[in-house]
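For reference, the structure is listed below as structure tokens.
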Amino acid sequence: MSVLTERKNRARKHVPLQIILALWCVFVANAWIFHSSVRSDWTSDGLLTVTESDRELIAALTGSVEVVIPLNLGPEIEDTLKTRVLLKSARWLEELSQVTPNRLQRPILIRVNQEGEKWAAERARRVPALEETDVDRIHFFHDGRRVSLSAEELADFRFPSALEPEGVAEILVDRTREGIESALRRLIRE
């Protein structure tokens, strides 16, 4: 056999092995990077399953409820975690709005940093009025009343501090479903 034939035969074996090795390295890198990331996993605990009590809660609303969620998409990890909780809440509210769309409307998401004109128009349109600082909150409007939920009311966070700078920022307890249900109950009772 010639030298070229030997090299071709080795290349036939080595190229697939190198591809498999590269895929394995990508898999390991992804597993390492995302092993402690915060995920919105709707499959666990049946978070997105609309139950009969949810249907009764939506049916108990006396009129149309509008939902506005202004998001502050800042570069800090605190802003990122708050945005994750609020986006998860928005997905849950969309699921609830599909039960009876005339009672609970789909949430209006506004990226305050990118859609300044839309945020100004929405603030001017609302009664009671929204302030410029009313970001990273869920606002429920019903019959001239407003109930607001902050991201801190929907979840418990842990952020790195000056005493523990190597700490991992994470969502400790997620109470998205309970927080939204309590806000809707407040609208019904008041």
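Just so we're on the same page: first chain in the structure tokens is A, next is B, and so on; residues restart at 1 for each chain, and ligands are numbered from 1 in the order they show up.
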
Notebook entry, point to check: Among stretch 119-188 of chain A, which ones does DSSP place in strand (DSSP E or B), written as number ranges by chain?
Noted result: A: 137-142, 145-150, 155-158, 170-174

What are the closest atom pairs, with distances in Å to one decimal, for all residues of stretch 27-132 of chain A lying within 7 Å of stretch 145-162 of chain A? Consider only C-alpha atoms, order rows by chain and residue number, and present the result as JSON lines.
```
{"residue": "A:Lys82", "atom": "CA", "partner": "A:Ala151", "partner_atom": "CA", "distance": 5.7}
{"residue": "A:Val85", "atom": "CA", "partner": "A:Ala151", "partner_atom": "CA", "distance": 6.6}
{"residue": "A:Leu86", "atom": "CA", "partner": "A:Ala151", "partner_atom": "CA", "distance": 6.5}
{"residue": "A:Pro128", "atom": "CA", "partner": "A:Arg146", "partner_atom": "CA", "distance": 6.7}
```

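Between atom CA of A:Gly144 and atom CA of A:Val65 there is a distance of 10.2 Å.
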
Next item on the list: Extract, using only C-alpha atoms, all DNA, RNA and protein residues at most 10 Å from A:Arg185, discarding same-chain residues fewer than 5 positions from it, and format them as a PyMOL selection string.
Entry: chain A and resi 57-58+60-61+179-180+190

Store the residues of this selection in a file with N, CA and C atoms, as an mmCIF file, in the first residue's frame.
```cif
data_model
loop_
_atom_site.group_PDB
_atom_site.id
_atom_site.type_symbol
_atom_site.label_atom_id
_atom_site.label_comp_id
_atom_site.auth_asym_id
_atom_site.auth_seq_id
_atom_site.Cartn_x
_atom_site.Cartn_y
_atom_site.Cartn_z
ATOM 1 N N LEU A 57 -62.032 30.871 39.571
ATOM 2 C CA LEU A 57 -61.482 32.185 39.907
ATOM 3 C C LEU A 57 -61.675 33.167 38.760
ATOM 4 N N ILE A 58 -61.411 32.732 37.534
ATOM 5 C CA ILE A 58 -61.591 33.599 36.366
ATOM 6 C C ILE A 58 -63.073 33.890 36.157
ATOM 7 N N ALA A 60 -65.283 34.171 38.404
ATOM 8 C CA ALA A 60 -65.761 35.064 39.465
ATOM 9 C C ALA A 60 -65.433 36.531 39.202
ATOM 10 N N LEU A 61 -64.577 36.804 38.220
ATOM 11 C CA LEU A 61 -64.268 38.201 37.892
ATOM 12 C C LEU A 61 -65.519 38.867 37.342
ATOM 13 N N GLY A 179 -49.024 34.119 43.715
ATOM 14 C CA GLY A 179 -49.090 35.578 43.674
ATOM 15 C C GLY A 179 -50.159 36.088 42.729
ATOM 16 N N ILE A 180 -50.252 35.470 41.554
ATOM 17 C CA ILE A 180 -51.263 35.892 40.581
ATOM 18 C C ILE A 180 -52.664 35.560 41.092
ATOM 19 N N GLU A 190 -62.510 43.349 46.319
ATOM 20 C CA GLU A 190 -62.602 44.813 46.475
ATOM 21 C C GLU A 190 -63.709 45.394 45.644
#
```

Checklist line | Nearest residue to A:Gly116 from the set A:Ser89, A:Ile138, A:Pro70, A:Ala183 (distances using only C-alpha atoms) | finding: A:Pro70

Note to self: With DSSP run on the backbone, what are the alpha helix (DSSP H) residues within stretch 75-140 of chain A? I'd like them as JSON, numbers by chain.
What the structure shows: {"A": [77, 78, 79, 80, 81, 82, 83, 84, 85, 86, 87, 88, 89, 90, 91, 92, 93, 94, 95, 96, 97, 116, 117, 118, 119, 120, 121, 122, 123, 124, 125]}

Just write the chosen residues, C-alpha atoms, as a CSV table (one decimal), in the first residue's frame.
```
chain,number,residue,atom,x,y,z
A,77,ILE,CA,-28.2,39.7,37.1
A,78,GLU,CA,-30.9,41.1,39.4
A,79,ASP,CA,-32.7,42.5,36.4
A,80,THR,CA,-32.3,39.2,34.5
A,81,LEU,CA,-33.8,37.1,37.3
A,82,LYS,CA,-36.7,39.5,37.8
A,83,THR,CA,-37.4,39.4,34.1
A,84,ARG,CA,-37.4,35.6,34.1
A,85,VAL,CA,-40.0,35.6,36.9
A,86,LEU,CA,-42.2,38.2,35.2
A,87,LEU,CA,-42.0,36.4,31.8
A,88,LYS,CA,-43.0,33.2,33.5
A,89,SER,CA,-45.9,35.1,35.0
A,90,ALA,CA,-46.9,36.5,31.6
A,91,ARG,CA,-47.0,32.9,30.2
A,92,TRP,CA,-49.2,31.8,33.1
A,93,LEU,CA,-51.5,34.8,32.6
A,94,GLU,CA,-51.7,33.9,28.8
A,95,GLU,CA,-52.8,30.4,29.8
A,96,LEU,CA,-55.4,31.8,32.2
A,97,SER,CA,-56.6,34.3,29.6
A,116,GLY,CA,-40.1,54.1,25.4
A,117,GLU,CA,-42.9,55.6,23.3
A,118,LYS,CA,-45.2,52.7,23.9
A,119,TRP,CA,-44.5,52.8,27.6
A,120,ALA,CA,-45.3,56.6,27.7
A,121,ALA,CA,-48.5,56.0,25.8
A,122,GLU,CA,-49.5,53.2,28.1
A,123,ARG,CA,-48.8,55.3,31.2
A,124,ALA,CA,-50.9,58.1,29.8
A,125,ARG,CA,-53.8,55.8,28.9
```

Please identify all polymer residues within 7 Å of A:Ile69, counting only C-alpha atoms, omitting same-chain residues fewer than 4 positions from it, and present them as a tab-separated table (two decimals) with N, CA and C atoms, in the first residue's frame.
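What landed in part-v7.tsv:
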```
chain	number	residue	atom	x	y	z
A	107	PRO	N	-51.81	39.52	28.63
A	107	PRO	CA	-50.96	40.58	29.19
A	107	PRO	C	-50.26	41.38	28.09
A	108	ILE	N	-50.10	42.67	28.36
A	108	ILE	CA	-49.36	43.56	27.47
A	108	ILE	C	-47.95	43.67	28.02
A	109	LEU	N	-46.98	43.14	27.28
A	109	LEU	CA	-45.57	43.22	27.68
A	109	LEU	C	-44.94	44.44	27.03
A	110	ILE	N	-44.27	45.26	27.83
A	110	ILE	CA	-43.60	46.45	27.31
A	110	ILE	C	-42.15	46.41	27.77
A	137	ARG	N	-43.06	45.12	37.43
A	137	ARG	CA	-44.25	44.81	38.22
A	137	ARG	C	-45.33	44.32	37.26
A	138	ILE	N	-46.27	43.57	37.79
A	138	ILE	CA	-47.46	43.19	37.03
A	138	ILE	C	-48.59	44.07	37.52
A	139	HIS	N	-49.24	44.77	36.60
A	139	HIS	CA	-50.34	45.67	36.96
A	139	HIS	C	-51.64	45.10	36.41
```

Margin query: When you count only C-alpha atoms, which of these residues is closest to A:Arg111: A:Gln98, A:Asn72, A:Thr133, A:Thr5?
Written below: A:Asn72

Item checked: Top pick for closest residue to A:Leu71, considering A:Ala29, A:Val50, A:Ile20, A:Val112 and counting only C-alpha atoms -> A:Val112

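Comparing A:Leu23, A:Asp134, A:Arg126, A:Gly63 by their smallest distance to A:Pro101, the closest is A:Gly63 (using only C-alpha atoms).
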